[in-house]
Every structure is written in structure tokens, then in C-alpha cells.
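Peer 1: You'll find model.txt just under this line, and it carries compact mmCIF, C-alpha atoms.
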# COMPACT_ATOMS: atom_id res chain seq x y z
CA MET A 4 58.30 2.90 21.14
CA MET A 5 55.95 -0.09 21.27
CA LEU A 6 52.94 2.24 21.00
CA ARG A 7 54.42 3.78 17.85
CA ALA A 8 54.87 0.35 16.28
CA ILE A 9 51.30 -0.65 17.12
CA THR A 10 49.94 2.64 15.76
CA ALA A 11 52.02 2.23 12.61
CA ALA A 12 50.73 -1.32 12.11
CA LEU A 13 47.13 -0.19 12.52
CA LEU A 14 47.56 2.61 9.99
CA VAL A 15 48.92 0.21 7.39
CA ALA A 16 46.30 -2.45 8.13
CA LEU A 17 43.31 -0.23 7.36
CA PRO A 18 41.81 -1.09 3.99
CA ALA A 19 41.84 1.79 1.47
CA ALA A 20 38.03 1.94 1.30
CA ALA A 21 37.84 2.47 5.06
CA ASP A 22 40.50 5.16 5.25
CA PRO A 23 39.25 8.08 7.32
CA PRO A 24 39.81 11.59 5.99
CA LEU A 25 42.97 13.43 6.98
CA THR A 26 42.78 15.30 10.28
CA ARG A 27 45.05 17.78 12.08
CA ALA A 28 45.77 14.93 14.51
CA GLU A 29 48.06 13.47 11.84
CA PRO A 30 50.84 16.04 11.53
CA LEU A 31 53.37 13.66 9.97
CA VAL A 32 50.85 12.56 7.35
CA ARG A 33 50.12 16.18 6.52
CA LEU A 34 53.86 16.89 6.31
CA VAL A 35 54.38 14.03 3.86
CA LEU A 36 51.41 15.14 1.77
CA GLN A 37 52.41 18.80 1.66
CA GLU A 38 56.11 18.19 1.09
CA ALA A 39 56.34 14.90 -0.83
CA THR A 40 53.10 13.83 -2.53
CA THR A 41 54.77 13.55 -5.95
CA GLU A 42 57.94 11.94 -4.59
CA PRO A 43 58.77 8.22 -4.66
CA PHE A 44 57.59 6.21 -1.65
CA THR A 45 61.12 6.12 -0.20
CA GLY A 46 61.20 9.92 -0.43
CA LYS A 47 57.96 10.12 1.55
CA ILE A 48 59.49 7.92 4.25
CA ALA A 49 62.63 10.08 4.32
CA VAL A 50 60.60 13.30 4.74
CA ALA A 51 58.68 11.81 7.67
CA GLY A 52 61.98 10.59 9.09
CA VAL A 53 63.38 14.14 9.09
CA ALA A 54 60.67 15.30 11.52
CA ILE A 55 61.01 12.19 13.69
CA ASP A 56 64.80 12.51 13.82
CA ARG A 57 64.61 16.23 14.60
CA ALA A 58 62.34 15.53 17.58
CA ALA A 59 64.83 12.93 18.82
CA ASP A 60 67.89 15.12 18.15
CA GLY A 61 67.33 17.61 20.97
CA ARG A 62 69.59 20.40 19.67
CA TYR A 63 67.46 22.84 17.68
CA TRP A 64 63.94 21.47 17.65
CA PRO A 65 61.15 20.66 20.09
CA SER A 66 61.03 17.10 21.40
CA ALA A 67 57.41 16.50 20.30
CA ILE A 68 56.96 15.49 16.67
CA HIS A 69 53.85 17.62 16.14
CA GLU A 70 55.75 20.67 17.43
CA VAL A 71 58.60 19.95 15.02
CA VAL A 72 56.16 19.61 12.12
CA TYR A 73 54.37 22.87 12.90
CA GLN A 74 57.49 24.82 13.94
CA PRO A 75 57.43 28.10 11.96
CA GLU A 76 59.66 28.46 8.91
CA GLN A 77 60.88 24.86 8.91
CA PHE A 78 58.75 23.08 6.31
CA THR A 79 57.47 25.24 3.45
CA GLY A 80 54.42 23.06 2.80
CA MET A 81 53.21 23.42 6.37
CA GLY A 82 52.88 27.17 5.97
CA ILE A 83 50.38 26.95 3.14
CA ARG A 84 46.76 25.87 2.87
CA LEU A 85 46.20 22.12 2.90
CA ARG A 86 45.82 21.01 -0.68
CA ASP A 87 43.19 18.56 -1.90
CA TYR A 88 44.44 14.98 -1.82
CA THR A 89 42.99 11.75 -3.06
CA ALA A 90 42.27 8.84 -0.74
CA GLU A 91 45.22 7.07 -2.40
CA ASN A 92 47.55 10.03 -1.60
CA ILE A 93 46.47 9.92 2.04
CA ARG A 94 46.79 6.13 2.29
CA GLU A 95 50.30 6.18 0.82
CA ALA A 96 51.34 9.04 3.14
CA ARG A 97 50.03 7.07 6.13
CA GLU A 98 52.02 4.02 5.01
CA ALA A 99 55.18 6.14 4.65
CA VAL A 100 54.68 7.58 8.14
CA ALA A 101 54.15 4.09 9.55
CA ALA A 102 57.40 2.95 7.93
CA ALA A 103 59.29 5.96 9.31
CA LEU A 104 57.84 5.46 12.81
CA SER A 105 59.00 1.84 12.59
CA GLY A 106 62.55 3.09 12.05
CA GLU A 107 62.90 2.85 8.27
CA ARG A 108 65.31 5.52 6.95
CA PRO A 109 66.15 5.34 3.23
CA CYS A 110 68.92 7.95 3.70
CA GLY A 111 69.88 7.08 7.23
CA ARG A 112 69.46 9.76 9.89
CA VAL A 113 68.82 13.07 8.12
CA LEU A 114 67.75 16.37 9.63
CA TRP A 115 67.38 18.68 6.63
CA PHE A 116 66.12 18.50 3.07
CA HIS A 117 65.21 20.77 0.19
CA THR A 118 63.95 20.51 -3.34
CA ALA A 119 66.71 20.02 -5.89
CA GLY A 120 67.44 23.25 -7.71
CA ALA A 121 66.06 25.44 -4.92
CA ASP A 122 68.14 28.43 -3.85
CA VAL A 123 68.93 27.33 -0.31
CA ARG A 124 71.82 29.27 1.12
CA TRP A 125 71.40 27.47 4.45
CA ALA A 126 72.89 24.39 2.80
CA ASP A 127 76.01 26.14 1.44
CA GLY A 128 79.12 24.21 2.36
CA SER A 129 77.13 21.09 3.27
CA THR A 130 77.54 17.64 1.78
CA PRO A 131 74.27 15.94 0.83
CA THR A 132 73.65 12.55 2.39
CA CYS A 133 71.43 11.37 -0.44
CA ARG A 134 68.94 12.41 -3.08
CA ILE A 135 65.55 10.80 -3.63
CA GLY A 136 63.41 12.12 -6.45
CA GLU A 137 63.53 15.90 -6.29
CA HIS A 138 64.64 16.11 -2.65
CA VAL A 139 68.20 16.46 -1.39
CA PHE A 140 68.78 15.29 2.21
CA TYR A 141 71.49 16.19 4.74
CA GLU A 142 72.54 14.60 8.00
CA GLU A 143 74.41 17.70 9.16
CA LEU A 144 75.03 21.16 7.76
CA GLY A 145 78.60 22.21 7.11
CA ASN A 146 78.22 25.93 7.65
CA GLU A 147 76.69 25.86 11.15
CA GLN A 148 73.63 27.78 9.89
CA ARG A 149 70.45 26.18 11.06
As C-alpha cells, what does this structure read like?

Peer 2:
Amino acid sequence: MMLRAITAALLVALPAAADPPLTRAEPLVRLVLQEATTEPFTGKIAVAGVAIDRAADGRYWPSAIHEVVYQPEQFTGMGIRLRDYTAENIREAREAVAAALSGERPCGRVLWFHTAGADVRWADGSTPTCRIGEHVFYEELGNEQR
């Protein structure tokens, strides 16, 4: 846990001009970019938190964060080509990941999310935990479909 906090602090401390380009070694950053670039900062943190909390949950997902992020059919944005992002997009995504790795959770512990208005039958019967921007987050699903 201490290593995560140190890594998170280093990511935030880098000046914007020195930000390195995005690499595949940053799966949470890529997740935030692909799923939440246009969302408020708290929404970016919440999206990163979903992957972190899934890895810690131990029921349905791998225990390694990068395996959760790249698990097939879990995050729509991870199944498509990496879009072009500005240095500012990448910096903000890195800051959101750092906040999530430090334990910040705008919605509390959540394990699922979708875009508002999406036809998501997997969420039928479930009570949303919160909504941030265009994302609806859930701690648990009510219909036992995962």
C-alpha cells in the first residue's frame, strides 16, 4: 500500500511539461481516458476506483488491477483503439488514478458503472449508488447477474 501511495505522489508531482506519453504500463490511466475523458474529475476517480475495488473484491475478477482493466467484455472503452488524447487529458487521468490509488472514492466502494441512458439489462433491479456526470455507479447488483 505504501508503494501505491508513493507512486501516486510521484505521478501527481510531475510537471505537465514533463509528462511522458501514455504507455500500456498504465492500464488505469488508459481506462480513465477511454471511459471518462469528458467526465468531471470526481467521475474519473470513481471509474479508476471501480477497477481497484474489483481487484480487491475477489469474487468475480482477477486480483491484479491490470488484469481487471483488460478483462474481456468488462469495460467498453478498453475494447476499442486507443484514442488520441492531449497532454492535459493524460495528466488529469494520472491525477485521478493517483487519487483513487490513495483511497479516494467519490461514490464509496462501487464495482459497476454504465453511461446514463445506456440499455444495460445487467443493471435491472439494481439500485444506483450515485451518479457523476453521465455515469451511473453501483456497489452491488440486485439481480445477481454479473

Peer 1: Can you work out which one of A:Glu29, A:Glu142, A:Glu70, A:Glu38 has the shortest atom-to-atom distance to Leu114 of chain A, counting all atoms listed in the file?

Peer 2: A:Glu142

Peer 1: For the atom pair atom CA of Tyr63 of chain A and atom CA of Trp115 of chain A, what is the interatomic distance in Å to one decimal place?

Peer 2: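 Computed distance, atom CA of Tyr63 of chain A to atom CA of Trp115 of chain A, equals 11.8 Å.
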
Peer 1: Pick out the residues sitting within 9 Å of Thr118 of chain A, and hand them over as a PyMOL selection string; count all atoms listed in the file, and ignore anything fewer than 4 positions along from it in its own chain.

Peer 2: chain A and resi 122-123+136-139

Peer 1: Could you check the closest approach to Gly120 of chain A for each of A:Arg134, A:Gly61, A:Glu107, A:Thr40 and tell me which residue wins, using all atoms listed in the file?

Peer 2: A:Arg134

Peer 1: Just the number, please: distance in Å from atom CA of Arg86 of chain A to atom CA of Val50 of chain A, one decimal.

Peer 2: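 Atom-to-atom, atom CA of Arg86 of chain A to atom CA of Val50 of chain A, that is 17.5 Å.
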
Peer 1: Could you state the separation of atom CA of Asp56 of chain A and atom CA of Pro75 of chain A in Å, given to one decimal place?

Peer 2: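 Rounded to one decimal, the two atoms are 17.3 Å apart.
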
Peer 1: Of the residues A:Pro109, A:Asp87, A:Gln77, A:Ile135, which is the one nearest to Pro65 of chain A, using only C-alpha atoms?

Peer 2: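 That would be A:Gln77, the residue with the smallest distance to Pro65 of chain A.
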
Peer 1: Please determine, counting only C-alpha atoms, which residue among A:Tyr88, A:Trp64, A:Phe140, A:Tyr73 has the shortest atom-to-atom distance to Leu34 of chain A.

Peer 2: A:Tyr73

Peer 1: Show me, as JSON, numbers by chain, the residues that have an atom within 12 Å of Ala39 of chain A when counting only C-alpha atoms, minus same-chain residues fewer than 4 positions from it.

Peer 2: {"A": [31, 32, 33, 34, 35, 43, 44, 45, 46, 47, 48, 49, 50, 51, 78, 79, 80, 81, 88, 92, 93, 95, 96, 99, 100, 116, 117, 118, 135, 136, 137, 138, 139]}

Peer 1: Convert the current residue selection to file output with C-alpha atoms, as a PDB file, keeping the file's coordinate frame.

Peer 2:
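Once written, again_26.pdb looks like this:
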ATOM      1  CA  LEU A  31      53.370  13.660   9.970  1.00  0.00           C
ATOM      2  CA  VAL A  32      50.850  12.560   7.350  1.00  0.00           C
ATOM      3  CA  ARG A  33      50.120  16.180   6.520  1.00  0.00           C
ATOM      4  CA  LEU A  34      53.860  16.890   6.310  1.00  0.00           C
ATOM      5  CA  VAL A  35      54.380  14.030   3.860  1.00  0.00           C
ATOM      6  CA  PRO A  43      58.770   8.220  -4.660  1.00  0.00           C
ATOM      7  CA  PHE A  44      57.590   6.210  -1.650  1.00  0.00           C
ATOM      8  CA  THR A  45      61.120   6.120  -0.200  1.00  0.00           C
ATOM      9  CA  GLY A  46      61.200   9.920  -0.430  1.00  0.00           C
ATOM     10  CA  LYS A  47      57.960  10.120   1.550  1.00  0.00           C
ATOM     11  CA  ILE A  48      59.490   7.920   4.250  1.00  0.00           C
ATOM     12  CA  ALA A  49      62.630  10.080   4.320  1.00  0.00           C
ATOM     13  CA  VAL A  50      60.600  13.300   4.740  1.00  0.00           C
ATOM     14  CA  ALA A  51      58.680  11.810   7.670  1.00  0.00           C
ATOM     15  CA  PHE A  78      58.750  23.080   6.310  1.00  0.00           C
ATOM     16  CA  THR A  79      57.470  25.240   3.450  1.00  0.00           C
ATOM     17  CA  GLY A  80      54.420  23.060   2.800  1.00  0.00           C
ATOM     18  CA  MET A  81      53.210  23.420   6.370  1.00  0.00           C
ATOM     19  CA  TYR A  88      44.440  14.980  -1.820  1.00  0.00           C
ATOM     20  CA  ASN A  92      47.550  10.030  -1.600  1.00  0.00           C
ATOM     21  CA  ILE A  93      46.470   9.920   2.040  1.00  0.00           C
ATOM     22  CA  GLU A  95      50.300   6.180   0.820  1.00  0.00           C
ATOM     23  CA  ALA A  96      51.340   9.040   3.140  1.00  0.00           C
ATOM     24  CA  ALA A  99      55.180   6.140   4.650  1.00  0.00           C
ATOM     25  CA  VAL A 100      54.680   7.580   8.140  1.00  0.00           C
ATOM     26  CA  PHE A 116      66.120  18.500   3.070  1.00  0.00           C
ATOM     27  CA  HIS A 117      65.210  20.770   0.190  1.00  0.00           C
ATOM     28  CA  THR A 118      63.950  20.510  -3.340  1.00  0.00           C
ATOM     29  CA  ILE A 135      65.550  10.800  -3.630  1.00  0.00           C
ATOM     30  CA  GLY A 136      63.410  12.120  -6.450  1.00  0.00           C
ATOM     31  CA  GLU A 137      63.530  15.900  -6.290  1.00  0.00           C
ATOM     32  CA  HIS A 138      64.640  16.110  -2.650  1.00  0.00           C
ATOM     33  CA  VAL A 139      68.200  16.460  -1.390  1.00  0.00           C
TER      34      VAL A 139
END

Peer 1: Measuring between only C-alpha atoms, which one of A:Val71, A:Leu36, A:Leu144, A:Cys133 shows the shortest distance to Arg108 of chain A?

Peer 2: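 Residue with the minimum atom-to-atom distance to Arg108 of chain A: A:Cys133.
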